[in-house]
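Engineer: I am attaching a structure below and will ask some questions about it afterwards.
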Amino acid sequence: MTIMGLGLFGGGLGAASFALRKGARVTVTDQRDAETLRDAVEALRALPGSERVHLVLGEHREEDFRSADIVIVNPAVPPKAPFIGMAREGGARVTTAIELLLGGLGCRVVAVTGTHGKSSTVHFTAHLLRAALGPDVRVALGGNIGGSLLGELESFGPDDVVVLELSSYQLEHLSESFVAEAARTRVLDVAAITTLGVDHLARHGTIENYHAAKRRIGELTGQLGPDPGTVIVPAATAGSFTGVQRLILHDEESSGPPSWRRTATEALRVPGAFQRENLGLALRIGSALGADETAMAQAIPGLTGLPHRMERLTEMTTLRDGRVLLVHDNGVSTTPESTVSALESLGSPAGERVVLVGGQAKEGCDMAALVRTAARLDWEIVPFGAAAREIAEAGRLAGARLRGPGAAGDGQKGDAWPAGAEAAVDAALESSSSGPAAAACVGLAPLNVLFSPACASFDRYPNFSARAEAFRRAMAAHLA
């Protein structure tokens, strides 16, 4: 068995543990070197049976794919990658850890996908189910949110619940035969889609392909069988699920008399109107699974948000010049749509308002709505990273105010926007400002800072989390 990709955070460990328990001889191959993967390699060596693991690091070798019986692929690898083609030519079964997990679980399974909000939705769902189902039912969280459950496959009982976040990459990689079988026999009790927007076009090619990958989640609920699961989707996507027997539209309550769910979400203390929408979907999922609705509602005040999702950094209160600092870290944002949601949630609070936007622009993602929203709500934009010039140009066209070394646009500074989040913080905290909000500095009114990049991180950082942590460190350095 060949495992393609150990991963910086040991993403291949669950697959390796699964394979070793099955008695397989395992080759783990990763293009990164041993030093880069040191922690993951140590964890791999600590697995029972690890003497049957052959590590190939710093490269992929053709023979490890052509001679394998089974190849477990990291979903980040495109399905048409050459080494996957070699494996199929050699007669190997090509699969993923998620496909193996879904095919082997004997408990209740919930899965959520979507462009935005899927991590928060599964996070809320798991906490609500733990509160409602009681201590005798195990509720485990996994999938794209982090932490492989494949190594624990045999530990779940029939009454337990597994809650999974599934990415478009993971869904795309599911084999046609697996999906066809799941359409008859059901591997998901509840499948949900949060939203469908624009993302990952560099991988999927078109928005239609991207949405098609997301919609595959509904095919895993046994709609062709005698006991189908429940599919919960936005109303705008209902036309793609006409054959679903148990279909719920999770945003159909946006008008009309408040339901118990809409009323219950008002008790959520996590900031952001979109988080109440995520919670409403989590409540829908819990109800579909038969969880006690009163118990779920009672658990809402105790819910917390995930890091870097409109996280209020309350410890950051005062700058050296005496200004009060109000900071929201929405570093998870890698699309303009998510930053628009963040801005709409905050509105136009008193004082200066500065939003840090930048990174590596994604194919097909248009900044127009973002800069128009910033202009309407009177937020200055600090563009940074590889997309800074594009963001600045869009901002100028929309009449949005810009802050930073390139804000003048007079040709003298060459639009020298900050290269990364750290320099963007320096620009955001400058005392000078222009426009109506400038007067706020006089009375030392609050400085509102929103970090919501709306772009990928790969121009400078390995992932969104590393970029958000860089932002936090830079912000902390300015505190009194």
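Just remember, in the structure tokens the first chain shown is A, the second B, etc., residues are 1-based per chain, and ligands are 1-based in the order shown.
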Skip region 244-249 of chain A itself and residues of its chain fewer than 3 positions away, then list as a ChimeraX atom specification all residues within 9 Å of it, counting only C-alpha atoms.
Structural biologist: /A:218-219,223-224,228-238,241,252-253,284
Engineer: Write the residues of the selection above to a file with all heavy atoms, as a short mmCIF file (atom, residue, chain, number, x, y, z; two decimals), in the first residue's frame.
Structural biologist:
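out-v2.cif was written with the following content:
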```cif
data_model
loop_
_atom_site.label_atom_id
_atom_site.label_comp_id
_atom_site.auth_asym_id
_atom_site.auth_seq_id
_atom_site.Cartn_x
_atom_site.Cartn_y
_atom_site.Cartn_z
N GLY A 218 -24.71 15.20 -1.62
CA GLY A 218 -26.08 14.72 -1.57
C GLY A 218 -26.23 13.30 -2.07
O GLY A 218 -27.15 12.57 -1.66
N GLU A 219 -25.34 12.88 -2.97
CA GLU A 219 -25.40 11.53 -3.53
C GLU A 219 -24.99 10.46 -2.52
O GLU A 219 -25.19 9.27 -2.78
CB GLU A 219 -24.52 11.44 -4.77
CG GLU A 219 -24.90 12.41 -5.88
CD GLU A 219 -23.97 12.33 -7.06
OE1 GLU A 219 -23.76 11.21 -7.58
OE2 GLU A 219 -23.42 13.37 -7.47
N GLN A 223 -30.26 8.14 -1.59
CA GLN A 223 -31.56 8.57 -2.11
C GLN A 223 -32.19 7.55 -3.05
O GLN A 223 -33.40 7.60 -3.30
CB GLN A 223 -31.42 9.92 -2.81
CG GLN A 223 -31.00 11.06 -1.90
CD GLN A 223 -32.00 11.33 -0.79
OE1 GLN A 223 -33.21 11.31 -1.03
NE2 GLN A 223 -31.52 11.58 0.41
N LEU A 224 -31.40 6.62 -3.57
CA LEU A 224 -31.95 5.57 -4.44
C LEU A 224 -32.33 4.33 -3.67
O LEU A 224 -32.82 3.35 -4.25
CB LEU A 224 -30.93 5.22 -5.54
CG LEU A 224 -30.51 6.37 -6.46
CD1 LEU A 224 -29.51 5.86 -7.51
CD2 LEU A 224 -31.71 7.01 -7.13
N PRO A 228 -33.44 6.62 2.83
CA PRO A 228 -32.48 7.68 2.53
C PRO A 228 -32.23 8.61 3.72
O PRO A 228 -33.06 8.72 4.63
CB PRO A 228 -33.14 8.45 1.39
CG PRO A 228 -34.61 8.24 1.62
CD PRO A 228 -34.74 6.84 2.16
N GLY A 229 -31.09 9.28 3.67
CA GLY A 229 -30.78 10.28 4.67
C GLY A 229 -31.38 11.63 4.27
O GLY A 229 -32.12 11.77 3.30
N THR A 230 -31.04 12.63 5.06
CA THR A 230 -31.56 13.98 4.87
C THR A 230 -30.52 14.87 4.20
O THR A 230 -29.34 14.81 4.56
CB THR A 230 -31.97 14.59 6.22
OG1 THR A 230 -32.96 13.76 6.84
CG2 THR A 230 -32.53 16.00 6.05
N VAL A 231 -30.95 15.69 3.25
CA VAL A 231 -30.08 16.64 2.57
C VAL A 231 -30.58 18.04 2.89
O VAL A 231 -31.76 18.34 2.70
CB VAL A 231 -30.06 16.41 1.04
CG1 VAL A 231 -29.16 17.43 0.36
CG2 VAL A 231 -29.60 14.99 0.73
N ILE A 232 -29.69 18.90 3.40
CA ILE A 232 -30.05 20.25 3.81
C ILE A 232 -29.21 21.23 2.99
O ILE A 232 -27.98 21.19 3.06
CB ILE A 232 -29.80 20.46 5.32
CG1 ILE A 232 -30.45 19.34 6.14
CG2 ILE A 232 -30.32 21.81 5.76
CD1 ILE A 232 -30.16 19.41 7.63
N VAL A 233 -29.86 22.09 2.22
CA VAL A 233 -29.13 22.95 1.28
C VAL A 233 -29.76 24.35 1.26
O VAL A 233 -30.90 24.54 1.70
CB VAL A 233 -29.15 22.36 -0.15
CG1 VAL A 233 -28.48 21.00 -0.18
CG2 VAL A 233 -30.58 22.28 -0.69
N PRO A 234 -29.04 25.35 0.72
CA PRO A 234 -29.66 26.66 0.52
C PRO A 234 -30.76 26.59 -0.54
O PRO A 234 -30.69 25.79 -1.47
CB PRO A 234 -28.49 27.53 0.03
CG PRO A 234 -27.25 26.77 0.34
CD PRO A 234 -27.62 25.33 0.31
N ALA A 235 -31.75 27.45 -0.41
CA ALA A 235 -32.87 27.44 -1.35
C ALA A 235 -32.41 27.64 -2.78
O ALA A 235 -32.98 27.06 -3.72
CB ALA A 235 -33.89 28.50 -0.96
N ALA A 236 -31.37 28.43 -2.99
CA ALA A 236 -30.89 28.73 -4.34
C ALA A 236 -30.39 27.49 -5.07
O ALA A 236 -30.29 27.49 -6.30
CB ALA A 236 -29.80 29.79 -4.29
N THR A 237 -30.05 26.44 -4.34
CA THR A 237 -29.52 25.23 -4.96
C THR A 237 -30.56 24.12 -5.07
O THR A 237 -30.24 23.02 -5.54
CB THR A 237 -28.32 24.68 -4.15
OG1 THR A 237 -28.79 24.17 -2.89
CG2 THR A 237 -27.29 25.77 -3.90
N ALA A 238 -31.78 24.38 -4.65
CA ALA A 238 -32.80 23.33 -4.59
C ALA A 238 -33.02 22.65 -5.93
O ALA A 238 -33.30 21.45 -6.00
CB ALA A 238 -34.11 23.90 -4.06
N PHE A 241 -31.37 19.36 -6.64
CA PHE A 241 -31.64 18.22 -5.76
C PHE A 241 -33.09 17.76 -5.88
O PHE A 241 -33.72 17.36 -4.91
CB PHE A 241 -31.34 18.61 -4.30
CG PHE A 241 -29.89 18.92 -4.04
CD1 PHE A 241 -29.42 20.21 -4.14
CD2 PHE A 241 -28.99 17.90 -3.74
CE1 PHE A 241 -28.08 20.51 -3.91
CE2 PHE A 241 -27.66 18.18 -3.51
CZ PHE A 241 -27.20 19.48 -3.60
N GLU A 252 -34.89 28.92 4.30
CA GLU A 252 -36.26 29.27 3.93
C GLU A 252 -37.00 30.00 5.05
O GLU A 252 -38.10 30.48 4.86
CB GLU A 252 -37.04 28.01 3.55
CG GLU A 252 -37.23 27.02 4.70
CD GLU A 252 -37.95 25.74 4.27
OE1 GLU A 252 -38.36 25.69 3.11
OE2 GLU A 252 -38.08 24.82 5.10
N GLU A 253 -36.36 30.09 6.24
CA GLU A 253 -36.99 30.77 7.37
C GLU A 253 -36.59 32.25 7.47
O GLU A 253 -36.88 32.91 8.45
CB GLU A 253 -36.59 30.09 8.69
CG GLU A 253 -37.07 28.66 8.80
CD GLU A 253 -36.56 28.01 10.08
OE1 GLU A 253 -35.50 28.41 10.57
OE2 GLU A 253 -37.26 27.12 10.58
N ARG A 284 -30.55 22.67 12.47
CA ARG A 284 -31.28 21.86 11.49
C ARG A 284 -30.69 20.45 11.42
O ARG A 284 -31.42 19.45 11.37
CB ARG A 284 -31.17 22.51 10.11
CG ARG A 284 -32.06 23.71 9.89
CD ARG A 284 -33.45 23.26 9.50
NE ARG A 284 -34.21 24.33 8.88
CZ ARG A 284 -35.49 24.22 8.56
NH1 ARG A 284 -36.13 23.09 8.79
NH2 ARG A 284 -36.13 25.22 8.01
#
```
Engineer: Residues of region 99-147 of chain A classed as strand (DSSP E or B) by DSSP on the backbone are to be reported as an MDAnalysis selection string.
Structural biologist: chainID A and resid 108:113 139:143
Engineer: Kindly save the residues from that selection, with N, CA and C atoms included, as a PDB file, in the first residue's frame.
Structural biologist:
```
ATOM      1  N   ARG A 108     -23.669   6.632  13.042  1.00  0.00           N
ATOM      2  CA  ARG A 108     -24.346   7.729  12.351  1.00  0.00           C
ATOM      3  C   ARG A 108     -23.299   8.745  11.878  1.00  0.00           C
ATOM      4  N   VAL A 109     -23.513   9.276  10.668  1.00  0.00           N
ATOM      5  CA  VAL A 109     -22.522  10.173  10.076  1.00  0.00           C
ATOM      6  C   VAL A 109     -23.217  11.410   9.516  1.00  0.00           C
ATOM      7  N   VAL A 110     -22.664  12.572   9.859  1.00  0.00           N
ATOM      8  CA  VAL A 110     -23.107  13.867   9.345  1.00  0.00           C
ATOM      9  C   VAL A 110     -21.934  14.465   8.582  1.00  0.00           C
ATOM     10  N   ALA A 111     -22.208  15.087   7.440  1.00  0.00           N
ATOM     11  CA  ALA A 111     -21.142  15.754   6.696  1.00  0.00           C
ATOM     12  C   ALA A 111     -21.642  17.093   6.179  1.00  0.00           C
ATOM     13  N   VAL A 112     -20.743  18.079   6.204  1.00  0.00           N
ATOM     14  CA  VAL A 112     -21.070  19.440   5.779  1.00  0.00           C
ATOM     15  C   VAL A 112     -20.007  19.909   4.796  1.00  0.00           C
ATOM     16  N   THR A 113     -20.450  20.545   3.717  1.00  0.00           N
ATOM     17  CA  THR A 113     -19.545  21.192   2.778  1.00  0.00           C
ATOM     18  C   THR A 113     -20.100  22.567   2.457  1.00  0.00           C
ATOM     19  N   VAL A 139     -19.409  11.722  20.179  1.00  0.00           N
ATOM     20  CA  VAL A 139     -19.523  12.593  19.001  1.00  0.00           C
ATOM     21  C   VAL A 139     -18.112  13.016  18.617  1.00  0.00           C
ATOM     22  N   ALA A 140     -17.663  12.590  17.445  1.00  0.00           N
ATOM     23  CA  ALA A 140     -16.297  12.879  16.986  1.00  0.00           C
ATOM     24  C   ALA A 140     -16.338  13.819  15.791  1.00  0.00           C
ATOM     25  N   LEU A 141     -15.369  14.717  15.743  1.00  0.00           N
ATOM     26  CA  LEU A 141     -15.288  15.721  14.689  1.00  0.00           C
ATOM     27  C   LEU A 141     -14.035  15.483  13.862  1.00  0.00           C
ATOM     28  N   GLY A 142     -14.171  15.501  12.531  1.00  0.00           N
ATOM     29  CA  GLY A 142     -13.003  15.246  11.689  1.00  0.00           C
ATOM     30  C   GLY A 142     -13.211  15.724  10.269  1.00  0.00           C
ATOM     31  N   GLY A 143     -12.355  15.221   9.377  1.00  0.00           N
ATOM     32  CA  GLY A 143     -12.404  15.632   7.980  1.00  0.00           C
ATOM     33  C   GLY A 143     -11.512  16.825   7.729  1.00  0.00           C
TER      34      GLY A 143
END
```
Engineer: So which residues of region 150-334 of chain A fall under helix (DSSP H, G or I) by DSSP, listed as a PyMOL selection string?
Structural biologist: chain A and resi 150-155+168-173+176-185+201-204+207-221+235-241+260-267+273-288+293-302
Engineer: Report, in Å to a single decimal, how far apart CA of Leu279 (chain A) and CA of Ala182 (chain A) are.
Structural biologist: 27.6 Å
Engineer: For region 294-300 of chain A, please output as a list in words all residues within 7 Å (counting only C-alpha atoms; exclusion window: fewer than 6 positions along the same chain).
Structural biologist: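 Answer for this query is Leu128, Ala131, Ala132, Ala264, Ala267 and Leu268 of chain A.
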Engineer: Store the residues picked out above in a file with N, CA, C and O atoms, as a CSV table (one decimal), in the first residue's frame.
Structural biologist:
```csv
chain,number,residue,atom,x,y,z
A,128,LEU,N,-23.4,20.9,19.9
A,128,LEU,CA,-24.8,20.8,20.2
A,128,LEU,C,-25.2,19.3,20.4
A,128,LEU,O,-26.0,19.0,21.3
A,131,ALA,N,-24.1,17.9,23.7
A,131,ALA,CA,-25.0,18.4,24.8
A,131,ALA,C,-26.3,17.7,24.8
A,131,ALA,O,-26.9,17.4,25.8
A,132,ALA,N,-26.8,17.4,23.6
A,132,ALA,CA,-28.2,16.9,23.4
A,132,ALA,C,-28.2,15.3,23.5
A,132,ALA,O,-29.2,14.8,24.0
A,264,ALA,N,-33.7,30.9,18.9
A,264,ALA,CA,-32.6,30.3,19.7
A,264,ALA,C,-31.2,30.9,19.3
A,264,ALA,O,-30.3,31.0,20.2
A,267,ALA,N,-29.2,33.7,21.2
A,267,ALA,CA,-28.4,33.5,22.4
A,267,ALA,C,-27.0,33.3,22.1
A,267,ALA,O,-26.1,33.2,23.0
A,268,LEU,N,-26.6,33.2,20.8
A,268,LEU,CA,-25.2,33.0,20.5
A,268,LEU,C,-24.3,34.2,20.8
A,268,LEU,O,-24.6,35.3,20.4
```
Engineer: Any idea what's packed within 12 Å of Ala291 (chain A), counting only C-alpha atoms, ignoring anything in its chain fewer than 6 positions away? Could you give it as a PyMOL selection string?
Structural biologist: chain A and resi 125-134+137+161+282-285+297
Engineer: So the first atom is CA of Ile70 (chain A) and the second is CA of Pro48 (chain A); what is the distance between them in Å, to one decimal place?
Structural biologist: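 Answer for the CA of Ile70 (chain A) to CA of Pro48 (chain A) separation: 20.4 Å.
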Engineer: Excluding Met86 (chain A) and its own-chain neighbours fewer than 4 positions away, which residues fall within 9 Å of it when counting only C-alpha atoms? Please give them as a list in words.
Structural biologist: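 Counting only C-alpha atoms, the residues come to Glu62, Glu63, Phe65, Arg66, Ala81, Pro82, Gly90, Gly91 and Ala92 of chain A.
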Engineer: Need the shell around region 367-370 of chain A: protein/DNA/RNA residues with any atom at most 12 Å away, counting only C-alpha atoms. Skip same-chain ones fewer than 3 positions apart. Format as a count of residues only?
Structural biologist: 48
Engineer: Rank nothing, just name the residue among A:Thr95, A:Thr304, A:Gln170, A:Thr115 nearest to Thr195 (chain A), using only C-alpha atoms.
Structural biologist: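 Of all the options, A:Thr115 lies closest to Thr195 (chain A).
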Engineer: In Å, how far is it from CA of Gly280 (chain A) to CA of His250 (chain A)?
Structural biologist: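 It comes out at 7.7 Å.
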Engineer: Considering only C-alpha atoms, return as a CSV table (one decimal) with all heavy atoms, in the first residue's frame whatever protein or nucleic-acid residues lie within 12 Å of Leu8 (chain A), sequence-local ones (same chain, fewer than 2 positions apart) excluded.
Structural biologist:
```csv
chain,number,residue,atom,x,y,z
A,5,GLY,N,1.6,11.3,0.5
A,5,GLY,CA,1.5,12.5,1.3
A,5,GLY,C,1.4,12.3,2.8
A,5,GLY,O,0.3,11.9,3.2
A,6,LEU,N,2.5,12.5,3.5
A,6,LEU,CA,2.5,12.4,5.0
A,6,LEU,C,1.9,13.7,5.5
A,6,LEU,O,1.1,13.7,6.4
A,6,LEU,CB,3.9,12.1,5.5
A,6,LEU,CG,4.0,12.1,7.0
A,6,LEU,CD1,3.1,11.0,7.6
A,6,LEU,CD2,5.5,11.8,7.4
A,10,GLY,N,1.0,15.8,9.6
A,10,GLY,CA,0.8,14.3,9.8
A,10,GLY,C,-0.6,13.9,9.3
A,10,GLY,O,-1.2,12.9,9.8
A,11,GLY,N,-1.1,14.5,8.2
A,11,GLY,CA,-2.3,14.1,7.6
A,11,GLY,C,-2.4,12.7,7.2
A,11,GLY,O,-3.5,12.1,7.1
A,12,GLY,N,-1.2,12.1,6.8
A,12,GLY,CA,-1.2,10.7,6.4
A,12,GLY,C,-1.1,9.7,7.5
A,12,GLY,O,-1.1,8.5,7.3
A,13,LEU,N,-1.0,10.2,8.8
A,13,LEU,CA,-0.9,9.3,9.9
A,13,LEU,C,-2.1,8.4,10.1
A,13,LEU,O,-1.9,7.2,10.4
A,13,LEU,CB,-0.6,10.1,11.2
A,13,LEU,CG,0.8,10.8,11.3
A,13,LEU,CD1,0.8,11.6,12.6
A,13,LEU,CD2,1.9,9.7,11.4
A,30,ASP,N,6.4,11.4,0.2
A,30,ASP,CA,6.1,12.8,0.3
A,30,ASP,C,7.3,13.6,-0.4
A,30,ASP,O,8.4,13.3,-0.2
A,30,ASP,CB,6.0,13.3,1.8
A,30,ASP,CG,5.2,14.6,1.9
A,30,ASP,OD1,5.7,15.6,1.3
A,30,ASP,OD2,4.2,14.6,2.5
A,31,GLN,N,6.9,14.6,-1.1
A,31,GLN,CA,8.0,15.4,-1.8
A,31,GLN,C,8.8,16.3,-0.9
A,31,GLN,O,9.8,16.8,-1.3
A,31,GLN,CB,7.3,16.2,-3.0
A,31,GLN,CG,6.8,15.3,-4.1
A,31,GLN,CD,6.3,16.0,-5.3
A,31,GLN,OE1,5.5,17.0,-5.1
A,31,GLN,NE2,6.6,15.6,-6.5
A,32,ARG,N,8.3,16.5,0.3
A,32,ARG,CA,9.1,17.3,1.2
A,32,ARG,C,10.1,16.4,1.9
A,32,ARG,O,9.9,15.2,2.0
A,32,ARG,CB,8.1,18.0,2.3
A,32,ARG,CG,7.4,19.1,1.7
A,32,ARG,CD,6.2,19.5,2.5
A,32,ARG,NE,5.1,18.6,2.4
A,32,ARG,CZ,3.8,18.9,2.5
A,32,ARG,NH1,3.5,20.1,2.8
A,32,ARG,NH2,2.9,17.9,2.4
A,33,ASP,N,11.2,17.1,2.4
A,33,ASP,CA,12.3,16.3,3.0
A,33,ASP,C,12.0,15.9,4.5
A,33,ASP,O,11.1,16.4,5.1
A,33,ASP,CB,13.6,17.0,2.8
A,33,ASP,CG,13.6,18.4,3.5
A,33,ASP,OD1,13.0,18.6,4.5
A,33,ASP,OD2,14.4,19.3,3.0
A,34,ALA,N,12.9,15.1,5.0
A,34,ALA,CA,12.8,14.6,6.3
A,34,ALA,C,12.8,15.7,7.4
A,34,ALA,O,12.1,15.6,8.4
A,34,ALA,CB,13.8,13.5,6.6
A,35,GLU,N,13.7,16.7,7.2
A,35,GLU,CA,13.8,17.8,8.1
A,35,GLU,C,12.5,18.6,8.2
A,35,GLU,O,12.0,18.9,9.3
A,35,GLU,CB,15.0,18.7,7.8
A,35,GLU,CG,15.2,19.8,8.7
A,35,GLU,CD,15.4,19.4,10.2
A,35,GLU,OE1,16.0,18.3,10.4
A,35,GLU,OE2,15.1,20.2,11.1
A,36,THR,N,11.9,18.8,7.1
A,36,THR,CA,10.7,19.6,7.0
A,36,THR,C,9.5,18.8,7.7
A,36,THR,O,8.7,19.4,8.4
A,36,THR,CB,10.3,19.9,5.6
A,36,THR,OG1,11.3,20.6,5.0
A,36,THR,CG2,9.0,20.7,5.5
A,37,LEU,N,9.6,17.5,7.6
A,37,LEU,CA,8.5,16.6,8.1
A,37,LEU,C,8.9,16.0,9.4
A,37,LEU,O,8.3,15.0,9.8
A,37,LEU,CB,8.2,15.6,7.1
A,37,LEU,CG,7.6,16.1,5.7
A,37,LEU,CD1,7.5,14.9,4.7
A,37,LEU,CD2,6.2,16.7,5.9
A,38,ARG,N,9.9,16.5,10.1
A,38,ARG,CA,10.4,15.9,11.3
A,38,ARG,C,9.4,15.4,12.3
A,38,ARG,O,9.4,14.3,12.7
A,38,ARG,CB,11.4,16.8,12.0
A,38,ARG,CG,12.1,16.2,13.2
A,38,ARG,CD,13.1,17.1,13.9
A,38,ARG,NE,13.1,18.4,13.3
A,38,ARG,CZ,13.9,19.4,13.8
A,38,ARG,NH1,14.7,19.2,14.8
A,38,ARG,NH2,13.8,20.6,13.3
A,39,ASP,N,8.5,16.3,12.7
A,39,ASP,CA,7.5,16.0,13.7
A,39,ASP,C,6.5,14.9,13.2
A,39,ASP,O,6.2,13.9,13.9
A,39,ASP,CB,6.6,17.2,14.1
A,39,ASP,CG,7.5,18.2,14.8
A,39,ASP,OD1,8.6,17.9,15.3
A,39,ASP,OD2,7.0,19.4,14.9
A,40,ALA,N,6.1,15.0,11.9
A,40,ALA,CA,5.2,13.9,11.4
A,40,ALA,C,5.9,12.6,11.3
A,40,ALA,O,5.3,11.5,11.5
A,40,ALA,CB,4.7,14.4,10.0
A,41,VAL,N,7.2,12.6,10.9
A,41,VAL,CA,8.0,11.4,10.8
A,41,VAL,C,8.1,10.7,12.2
A,41,VAL,O,8.0,9.5,12.3
A,41,VAL,CB,9.3,11.6,10.2
A,41,VAL,CG1,10.2,10.4,10.3
A,41,VAL,CG2,9.2,12.0,8.7
A,42,GLU,N,8.4,11.5,13.2
A,42,GLU,CA,8.5,10.9,14.6
A,42,GLU,C,7.2,10.3,15.0
A,42,GLU,O,7.1,9.2,15.6
A,42,GLU,CB,8.9,12.0,15.5
A,42,GLU,CG,10.3,12.5,15.4
A,42,GLU,CD,10.7,13.6,16.3
A,42,GLU,OE1,9.8,14.0,17.2
A,42,GLU,OE2,11.8,14.1,16.3
A,43,ALA,N,6.1,11.0,14.7
A,43,ALA,CA,4.7,10.4,15.0
A,43,ALA,C,4.5,9.1,14.3
A,43,ALA,O,3.9,8.2,14.8
A,43,ALA,CB,3.7,11.4,14.8
A,44,LEU,N,4.9,9.1,13.0
A,44,LEU,CA,4.7,7.9,12.2
A,44,LEU,C,5.5,6.7,12.8
A,44,LEU,O,5.1,5.6,12.9
A,44,LEU,CB,5.2,8.2,10.8
A,44,LEU,CG,5.1,7.0,9.8
A,44,LEU,CD1,3.7,6.5,9.6
A,44,LEU,CD2,5.7,7.4,8.4
A,462,PRO,N,2.4,29.6,4.5
A,462,PRO,CA,2.0,28.3,4.1
A,462,PRO,C,0.5,28.0,4.1
A,462,PRO,O,-0.1,27.1,3.4
A,462,PRO,CB,2.7,27.4,5.0
A,462,PRO,CG,3.0,28.2,6.2
A,462,PRO,CD,3.2,29.6,5.7
A,463,ASN,N,-0.3,28.8,5.0
A,463,ASN,CA,-1.7,28.6,5.1
A,463,ASN,C,-2.3,29.8,5.8
A,463,ASN,O,-1.6,30.7,6.2
A,463,ASN,CB,-2.0,27.3,5.9
A,463,ASN,CG,-1.3,27.3,7.2
A,463,ASN,OD1,-1.3,28.2,8.0
A,463,ASN,ND2,-0.5,26.2,7.4
```
Engineer: Which of these, A:Leu57, A:Leu150, A:Val122, A:Ala180, has the shortest distance to Leu100 (chain A) once you count only C-alpha atoms?
Structural biologist: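 Counting only C-alpha atoms, the residue closest to Leu100 (chain A) is A:Leu150.
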